[in-house]
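This is target.cif. It holds mmCIF, C-alpha atoms.
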data_structure
#
loop_
_atom_site.label_atom_id
_atom_site.label_comp_id
_atom_site.auth_asym_id
_atom_site.auth_seq_id
_atom_site.Cartn_x
_atom_site.Cartn_y
_atom_site.Cartn_z
CA MET A 131 63.67 -52.81 26.43
CA SER A 132 65.04 -55.47 24.13
CA LEU A 133 65.73 -56.37 20.51
CA ARG A 134 65.08 -59.82 19.08
CA ILE A 135 65.72 -61.25 15.60
CA ILE A 136 63.62 -64.05 14.07
CA TYR A 137 65.36 -65.42 10.98
CA GLY A 138 64.93 -68.15 8.44
CA THR A 139 64.91 -68.68 4.71
CA ALA A 140 61.76 -68.35 2.59
CA GLY A 141 59.01 -70.73 3.66
CA THR A 142 60.22 -71.31 7.20
CA GLY A 143 57.19 -69.52 8.68
CA LYS A 144 58.61 -66.28 10.05
CA SER A 145 55.35 -64.32 9.74
CA THR A 146 53.30 -67.23 11.10
CA TYR A 147 55.62 -67.55 14.10
CA LEU A 148 55.28 -63.83 14.72
CA PHE A 149 51.46 -63.82 14.57
CA GLN A 150 51.16 -66.94 16.70
CA GLU A 151 53.19 -65.17 19.36
CA ILE A 152 50.96 -62.09 19.05
CA GLN A 153 47.92 -64.34 19.39
CA GLU A 154 49.25 -65.75 22.67
CA LYS A 155 50.04 -62.29 24.01
CA LEU A 156 46.55 -61.03 23.16
CA LYS A 157 45.05 -63.87 25.19
CA GLN A 158 46.89 -62.62 28.26
CA LYS A 159 44.96 -60.19 30.40
CA GLY A 160 46.35 -56.67 30.32
CA GLN A 161 48.27 -57.05 27.04
CA GLU A 162 47.00 -53.95 25.27
CA ASN A 163 49.66 -52.40 23.07
CA ILE A 164 51.07 -54.34 20.12
CA LYS A 165 52.22 -52.72 16.86
CA VAL A 166 53.15 -54.58 13.68
CA ILE A 167 55.17 -52.33 11.37
CA THR A 168 55.41 -53.33 7.71
CA PRO A 169 56.13 -51.78 4.30
CA GLU A 170 53.15 -50.10 2.64
CA GLN A 171 52.70 -52.86 0.03
CA PHE A 172 52.28 -55.55 2.71
CA SER A 173 49.97 -53.68 5.09
CA PHE A 174 46.70 -55.10 3.74
CA THR A 175 48.02 -58.69 3.76
CA LEU A 176 49.24 -58.43 7.34
CA GLU A 177 46.04 -56.73 8.50
CA LYS A 178 44.13 -59.77 7.21
CA LYS A 179 46.59 -62.08 8.94
CA LEU A 180 46.23 -60.19 12.22
CA LEU A 181 42.44 -60.56 12.06
CA GLU A 182 42.85 -64.31 11.50
CA PHE A 183 45.06 -64.74 14.58
CA ALA A 184 43.75 -62.11 16.99
CA PRO A 185 40.93 -63.07 19.37
CA SER A 186 37.85 -61.00 18.52
CA SER A 187 37.79 -59.50 22.01
CA SER A 188 41.37 -58.22 21.66
CA VAL A 189 41.45 -56.97 18.06
CA LEU A 190 41.72 -53.34 19.21
CA SER A 191 44.81 -54.12 21.28
CA ALA A 192 47.00 -54.72 18.23
CA GLU A 193 47.34 -53.05 14.86
CA VAL A 194 49.32 -53.11 11.63
CA ILE A 195 50.93 -49.80 10.74
CA THR A 196 53.48 -48.37 8.29
CA PHE A 197 56.19 -45.81 8.95
CA ASN A 198 54.29 -43.17 6.95
CA ARG A 199 51.07 -43.76 8.88
CA MET A 200 53.08 -43.52 12.09
CA ALA A 201 54.42 -40.13 10.99
CA TYR A 202 51.00 -38.63 10.30
CA ARG A 203 49.61 -39.99 13.56
CA ILE A 204 52.49 -38.72 15.69
CA LEU A 205 52.33 -35.27 14.11
CA GLU A 206 48.63 -35.10 14.90
CA GLU A 207 49.31 -36.09 18.51
CA VAL A 208 52.31 -33.93 19.40
CA GLY A 209 52.04 -31.16 16.80
CA GLY A 210 54.21 -30.29 13.83
CA LYS A 211 51.63 -30.08 11.06
CA THR A 212 51.91 -26.31 10.76
CA LYS A 213 53.10 -26.48 7.16
CA LYS A 214 51.36 -27.91 4.13
CA HIS A 215 52.61 -31.24 2.81
CA LEU A 216 54.16 -31.14 -0.65
CA THR A 217 53.08 -34.24 -2.55
CA LYS A 218 54.84 -35.92 -5.46
CA SER A 219 52.78 -33.89 -7.95
CA GLY A 220 53.68 -30.64 -6.20
CA ARG A 221 57.35 -31.64 -6.22
CA VAL A 222 57.25 -32.28 -9.97
CA MET A 223 55.59 -28.92 -10.66
CA LEU A 224 58.21 -27.08 -8.62
CA LEU A 225 61.10 -28.92 -10.27
CA ASP A 226 59.62 -28.12 -13.68
CA GLU A 227 59.60 -24.42 -12.80
CA ILE A 228 63.18 -24.52 -11.43
CA LEU A 229 64.53 -26.21 -14.56
CA LEU A 230 62.77 -23.66 -16.77
CA SER A 231 63.64 -20.50 -14.84
CA GLN A 232 67.30 -21.44 -14.16
CA LYS A 233 68.09 -23.34 -17.34
CA ASN A 234 71.26 -21.30 -17.96
CA ASP A 235 72.72 -22.43 -14.61
CA PHE A 236 72.89 -26.11 -15.55
CA THR A 237 75.50 -27.87 -17.66
CA PHE A 238 73.70 -31.13 -18.42
CA LEU A 239 70.16 -31.02 -17.11
CA GLY A 240 67.45 -29.45 -19.21
CA LYS A 241 63.67 -29.30 -18.85
CA THR A 242 62.44 -32.70 -20.04
CA ASP A 243 59.96 -35.12 -18.51
CA GLU A 244 62.74 -37.69 -18.10
CA ASN A 245 64.99 -35.25 -16.23
CA ILE A 246 62.18 -34.12 -13.94
CA ASP A 247 61.34 -37.72 -13.03
CA MET A 248 65.02 -38.52 -12.49
CA ILE A 249 65.59 -35.48 -10.26
CA ALA A 250 62.41 -36.16 -8.25
CA THR A 251 63.66 -39.71 -7.63
CA GLN A 252 67.11 -38.42 -6.68
CA ILE A 253 65.66 -35.99 -4.15
CA THR A 254 63.63 -38.81 -2.61
CA GLU A 255 66.74 -40.98 -2.25
CA LEU A 256 68.83 -38.10 -0.88
CA LYS A 257 66.23 -37.41 1.80
CA LYS A 258 65.78 -41.10 2.67
CA HIS A 259 69.50 -41.40 3.32
CA HIS A 260 69.88 -38.01 5.06
CA VAL A 261 72.17 -36.47 2.43
CA SER A 262 72.06 -32.71 3.01
CA THR A 263 72.69 -30.06 0.36
CA GLU A 264 76.03 -29.28 2.05
CA ALA A 265 77.09 -32.94 1.92
CA LEU A 266 76.10 -33.21 -1.75
CA ARG A 267 78.07 -30.04 -2.59
CA GLU A 268 81.15 -31.45 -0.87
CA ILE A 269 80.80 -34.75 -2.74
CA ALA A 270 80.51 -32.88 -6.05
CA GLN A 271 83.58 -30.77 -5.32
CA ASN A 272 85.72 -33.79 -4.36
CA THR A 273 84.72 -36.03 -7.28
CA PRO A 274 87.75 -36.60 -9.55
CA ASP A 275 85.67 -37.51 -12.61
CA VAL A 276 84.96 -34.16 -14.32
CA TYR A 277 81.91 -35.46 -16.18
CA LEU A 278 80.34 -36.85 -12.98
CA GLN A 279 81.32 -33.69 -11.10
CA LYS A 280 79.34 -31.50 -13.52
CA LYS A 281 76.28 -33.73 -13.18
CA LEU A 282 76.47 -33.71 -9.39
CA GLN A 283 76.83 -29.93 -9.40
CA ASP A 284 73.65 -29.63 -11.46
CA ILE A 285 71.77 -31.89 -9.05
CA TYR A 286 73.19 -29.94 -6.08
CA LYS A 287 71.98 -26.60 -7.53
CA ILE A 288 68.48 -27.97 -8.09
CA TYR A 289 68.38 -29.65 -4.67
CA GLU A 290 69.50 -26.47 -2.91
CA THR A 291 66.98 -24.30 -4.80
CA TYR A 292 64.21 -26.80 -4.15
CA THR A 293 65.01 -26.95 -0.42
CA THR A 294 65.13 -23.15 -0.12
CA ARG A 295 61.82 -22.72 -1.97
CA ILE A 296 59.82 -25.02 0.31
CA GLN A 297 61.47 -24.55 3.72
CA ASN A 298 59.17 -21.79 5.04
CA GLN A 299 55.86 -23.00 3.62
CA TYR A 300 55.88 -26.73 2.82
CA ILE A 301 57.07 -30.06 4.16
CA ASP A 302 58.27 -32.51 1.55
CA GLU A 303 56.49 -35.83 2.17
CA ASN A 304 59.93 -37.48 2.15
CA ASP A 305 60.78 -35.53 5.32
CA ASN A 306 57.92 -37.13 7.26
CA LEU A 307 60.08 -39.97 8.60
CA THR A 308 62.82 -37.59 9.70
CA ILE A 309 60.24 -35.57 11.63
CA LEU A 310 58.79 -38.82 13.03
CA ALA A 311 62.17 -39.80 14.52
CA GLU A 312 62.46 -36.36 16.12
CA LYS A 313 58.94 -36.43 17.62
CA LEU A 314 58.64 -40.08 18.73
CA GLU A 315 59.90 -39.50 22.24
CA GLN A 316 57.11 -36.96 22.82
CA SER A 317 54.40 -39.45 21.84
CA SER A 318 52.60 -41.83 24.20
CA GLN A 319 51.41 -44.20 21.46
CA PHE A 320 54.58 -46.28 21.27
CA GLN A 321 55.70 -46.04 24.87
CA ASN A 322 56.21 -49.43 26.51
CA CYS A 323 54.62 -51.43 23.68
CA ASP A 324 55.63 -54.62 21.86
CA ILE A 325 56.70 -53.84 18.30
CA TYR A 326 57.07 -56.36 15.47
CA LEU A 327 58.63 -55.56 12.08
CA ASP A 328 57.79 -57.96 9.28
CA GLU A 329 58.40 -58.19 5.51
CA PHE A 330 61.23 -55.64 5.37
CA VAL A 331 64.21 -56.40 3.14
CA GLY A 332 66.26 -53.57 4.64
CA PHE A 333 65.98 -50.10 6.10
CA THR A 334 66.87 -46.60 4.96
CA LEU A 335 68.86 -44.26 7.17
CA GLN A 336 65.62 -42.47 8.08
CA GLU A 337 64.10 -45.79 9.20
CA TYR A 338 67.19 -46.73 11.23
CA HIS A 339 66.83 -43.43 13.10
CA ILE A 340 63.19 -44.26 13.84
CA LEU A 341 64.15 -47.73 15.07
CA ARG A 342 66.81 -46.22 17.33
CA GLU A 343 64.15 -44.03 18.95
CA LEU A 344 61.69 -46.92 19.22
CA LEU A 345 64.32 -49.04 20.98
CA LYS A 346 64.52 -46.34 23.66
CA ILE A 347 60.79 -46.19 24.42
CA SER A 348 59.27 -49.58 23.56
CA LYS A 349 59.13 -52.75 25.64
CA THR A 350 60.38 -55.08 22.90
CA ILE A 351 61.21 -54.90 19.21
CA THR A 352 61.13 -58.10 17.15
CA VAL A 353 62.36 -58.10 13.54
CA THR A 354 61.90 -60.92 11.01
CA VAL A 355 64.81 -61.41 8.60
CA CYS A 356 65.21 -63.70 5.61
CA ALA A 357 68.57 -65.44 6.10
CA ASP A 358 70.15 -68.88 6.34
CA ASN A 359 72.31 -67.74 9.28
CA LEU A 360 73.61 -64.51 10.81
CA ASP A 361 77.30 -65.03 10.01
CA GLU A 362 78.73 -61.88 8.41
CA ASN A 363 82.02 -63.51 7.50
CA THR A 364 80.84 -64.56 4.07
CA ASN A 365 81.56 -63.43 0.53
CA PRO A 366 78.96 -60.80 -0.46
CA ASP A 367 79.31 -61.88 -4.11
CA HIS A 368 78.24 -65.42 -3.30
CA ASP A 369 75.95 -64.97 -0.30
CA SER A 370 72.43 -63.96 -1.37
CA PHE A 371 71.59 -63.14 2.27
CA TYR A 372 74.63 -60.91 2.87
CA ALA A 373 72.68 -57.60 2.82
CA ASN A 374 70.15 -59.00 5.33
CA LYS A 375 72.97 -60.07 7.64
CA GLN A 376 74.38 -56.55 7.43
CA THR A 377 70.95 -55.21 8.43
CA VAL A 378 70.90 -57.46 11.50
CA ALA A 379 74.43 -56.40 12.45
CA ARG A 380 73.46 -52.75 12.21
CA LEU A 381 70.33 -53.22 14.32
CA MET A 382 72.35 -55.00 16.99
CA LYS A 383 74.95 -52.24 16.93
CA ILE A 384 72.24 -49.59 17.47
CA ALA A 385 70.79 -51.63 20.34
CA ARG A 386 74.18 -51.89 22.03
CA GLU A 387 74.79 -48.15 21.59
CA GLU A 388 71.48 -47.47 23.35
CA ASN A 389 72.17 -50.04 26.09
CA VAL A 390 69.23 -52.15 24.94
CA LYS A 391 69.32 -55.89 25.59
CA VAL A 392 69.83 -58.07 22.49
CA GLU A 393 67.99 -61.35 22.97
CA GLU A 394 69.12 -64.68 21.56
CA PRO A 395 68.01 -64.83 17.88
CA ILE A 396 65.37 -67.39 16.93
CA ASN A 397 66.50 -69.63 14.07
CA LEU A 398 63.49 -71.01 12.22
CA ASN A 399 65.73 -72.90 9.80
CA GLU A 400 66.42 -75.38 12.61
CA VAL A 401 62.70 -75.71 13.35
CA SER A 402 61.95 -76.28 9.67
CA THR A 403 64.71 -78.90 9.36
CA SER A 404 63.45 -80.67 12.48
CA LYS A 405 59.92 -80.86 11.03
CA GLU A 406 61.23 -82.24 7.74
CA GLN A 407 63.17 -84.94 9.58
CA ASP A 408 60.04 -85.89 11.57
CA VAL A 409 58.07 -86.25 8.32
CA ILE A 410 60.81 -88.42 6.78
CA SER A 411 60.95 -90.61 9.91
CA LYS A 412 57.19 -91.13 9.88
CA LYS A 413 57.25 -92.09 6.18
CA ARG A 414 59.95 -94.68 6.89
CA GLU A 415 57.90 -96.12 9.73
CA ILE A 416 54.91 -96.46 7.39
#
How would this structure read if it were set down as structure tokens?
Amino acid sequence: MSLRIIYGTAGTGKSTYLFQEIQEKLKQKGQENIKVITPEQFSFTLEKKLLEFAPSSSVLSAEVITFNRMAYRILEEVGGKTKKHLTKSGRVMLLDEILLSQKNDFTFLGKTDENIDMIATQITELKKHHVSTEALREIAQNTPDVYLQKKLQDIYKIYETYTTRIQNQYIDENDNLTILAEKLEQSSQFQNCDIYLDEFVGFTLQEYHILRELLKISKTITVTVCADNLDENTNPDHDSFYANKQTVARLMKIAREENVKVEEPINLNEVSTSKEQDVISKKREI
């Protein structure tokens, strides 16, 4: 079990480095379990890239997958799909009904399309970052700004009602990743495999929990990060890579907490600089 970081600024070839390494591993006999995890919007691009690099005889030994696809697959394997999934449309319909039936309970929020969209987005963010109804209530109670406190109390009431309404019959699609983290250890699909994460700009709390579980059961996890270096001692107001460096620090902290080896990071900025110098030297020779 190990964690490795591949970093470099834009154009230094992080994805290419990753897929070249996968290509070499697929050529080795017995290398059968490689997963490339990516955000939904990049899945098609990376699937094409994998097909370009993977030997035709080994294409079934590696795959590109997203966290959401992982969740559905794991639930099918180990169980947990006993409730219906509540989609975004279903969430909006339920919120519409809550705002209409309990309109006298809210100080600021009324039944408008804008409010429904805003609350649906808020619920998504609350779930992504594991903010429970109890935590939100406590935050609302301890907020000194009266105006903000009233708004938070409205959101808390809606969030609590929404959670109570669906808990016995539906699973909010935003809870899929939380369930995935809980069920991963029971699955055989990601046991002892090489995992690569590419094209992420950061992770939600849900995703960090998944990565913690993956670190426990996988052979290796490699993460590409866009950064000039991994030094955290910089000014966040002037360092455009500061958030990415924080992500790396958090991943390393999780690895240490789980007694997982942290390998020496690979700096592609140095490789890129070396190539540029070679080109300049050749031009001078000419």
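Rounded to one decimal, atom CA of Met131 of chain A and atom CA of Val390 of chain A lie 5.8 Å from each other.
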Practice task
Identify all residues satisfying the PyMOL selection byres ((chain A and resi 169-185) around 12) in the given file; provide them as a VMD selection string.
Solution key: chain A and resid 145 to 158 164 to 168 186 to 200 326 to 334 337
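Atom pair atom CA of Glu315 of chain A / atom CA of Val208 of chain A: separated by 9.8 Å.
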List as a CSV table (one decimal) with C-alpha atoms, in the coordinates of the input the protein and nucleic acid residues near His339 of chain A, meaning an atom at most 9 Å away when only C-alpha atoms are counted, but skip any in the same chain fewer than 2 places from it.
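Final output, part.csv:
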chain,number,residue,atom,x,y,z
A,307,LEU,CA,60.1,-40.0,8.6
A,308,THR,CA,62.8,-37.6,9.7
A,311,ALA,CA,62.2,-39.8,14.5
A,312,GLU,CA,62.5,-36.4,16.1
A,334,THR,CA,66.9,-46.6,5.0
A,335,LEU,CA,68.9,-44.3,7.2
A,336,GLN,CA,65.6,-42.5,8.1
A,337,GLU,CA,64.1,-45.8,9.2
A,341,LEU,CA,64.2,-47.7,15.1
A,342,ARG,CA,66.8,-46.2,17.3
A,343,GLU,CA,64.2,-44.0,19.0
A,344,LEU,CA,61.7,-46.9,19.2
Problem - Residues returned when the PyMOL selection byres ((chain A and resi 350-359) around 9) runs on this file, as a PyMOL selection string - result: chain A and resi 131-140+144-145+148+322-332+341+344-345+348-349+360-362+370-372+374-375+377-378+397+399
Emit the selected residues as a short mmCIF file (atom, residue, chain, number, x, y, z; two decimals), in the frame of the given file, including C-alpha atoms.
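So result.cif came out as:
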data_model
loop_
_atom_site.label_atom_id
_atom_site.label_comp_id
_atom_site.auth_asym_id
_atom_site.auth_seq_id
_atom_site.Cartn_x
_atom_site.Cartn_y
_atom_site.Cartn_z
CA MET A 131 63.67 -52.81 26.43
CA SER A 132 65.04 -55.47 24.13
CA LEU A 133 65.73 -56.37 20.51
CA ARG A 134 65.08 -59.82 19.08
CA ILE A 135 65.72 -61.25 15.60
CA ILE A 136 63.62 -64.05 14.07
CA TYR A 137 65.36 -65.42 10.98
CA GLY A 138 64.93 -68.15 8.44
CA THR A 139 64.91 -68.68 4.71
CA ALA A 140 61.76 -68.35 2.59
CA LYS A 144 58.61 -66.28 10.05
CA SER A 145 55.35 -64.32 9.74
CA LEU A 148 55.28 -63.83 14.72
CA ASN A 322 56.21 -49.43 26.51
CA CYS A 323 54.62 -51.43 23.68
CA ASP A 324 55.63 -54.62 21.86
CA ILE A 325 56.70 -53.84 18.30
CA TYR A 326 57.07 -56.36 15.47
CA LEU A 327 58.63 -55.56 12.08
CA ASP A 328 57.79 -57.96 9.28
CA GLU A 329 58.40 -58.19 5.51
CA PHE A 330 61.23 -55.64 5.37
CA VAL A 331 64.21 -56.40 3.14
CA GLY A 332 66.26 -53.57 4.64
CA LEU A 341 64.15 -47.73 15.07
CA LEU A 344 61.69 -46.92 19.22
CA LEU A 345 64.32 -49.04 20.98
CA SER A 348 59.27 -49.58 23.56
CA LYS A 349 59.13 -52.75 25.64
CA LEU A 360 73.61 -64.51 10.81
CA ASP A 361 77.30 -65.03 10.01
CA GLU A 362 78.73 -61.88 8.41
CA SER A 370 72.43 -63.96 -1.37
CA PHE A 371 71.59 -63.14 2.27
CA TYR A 372 74.63 -60.91 2.87
CA ASN A 374 70.15 -59.00 5.33
CA LYS A 375 72.97 -60.07 7.64
CA THR A 377 70.95 -55.21 8.43
CA VAL A 378 70.90 -57.46 11.50
CA ASN A 397 66.50 -69.63 14.07
CA ASN A 399 65.73 -72.90 9.80
#
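Remark: for Lys280 of chain A, the closest of the candidate residues A:Glu244, A:Asp305, A:Glu207, A:Asp235 is A:Asp235 (distances computed over only C-alpha atoms).
Interatomic distance, atom CA of Lys257 of chain A to atom CA of Asn304 of chain A: 6.3 Å.
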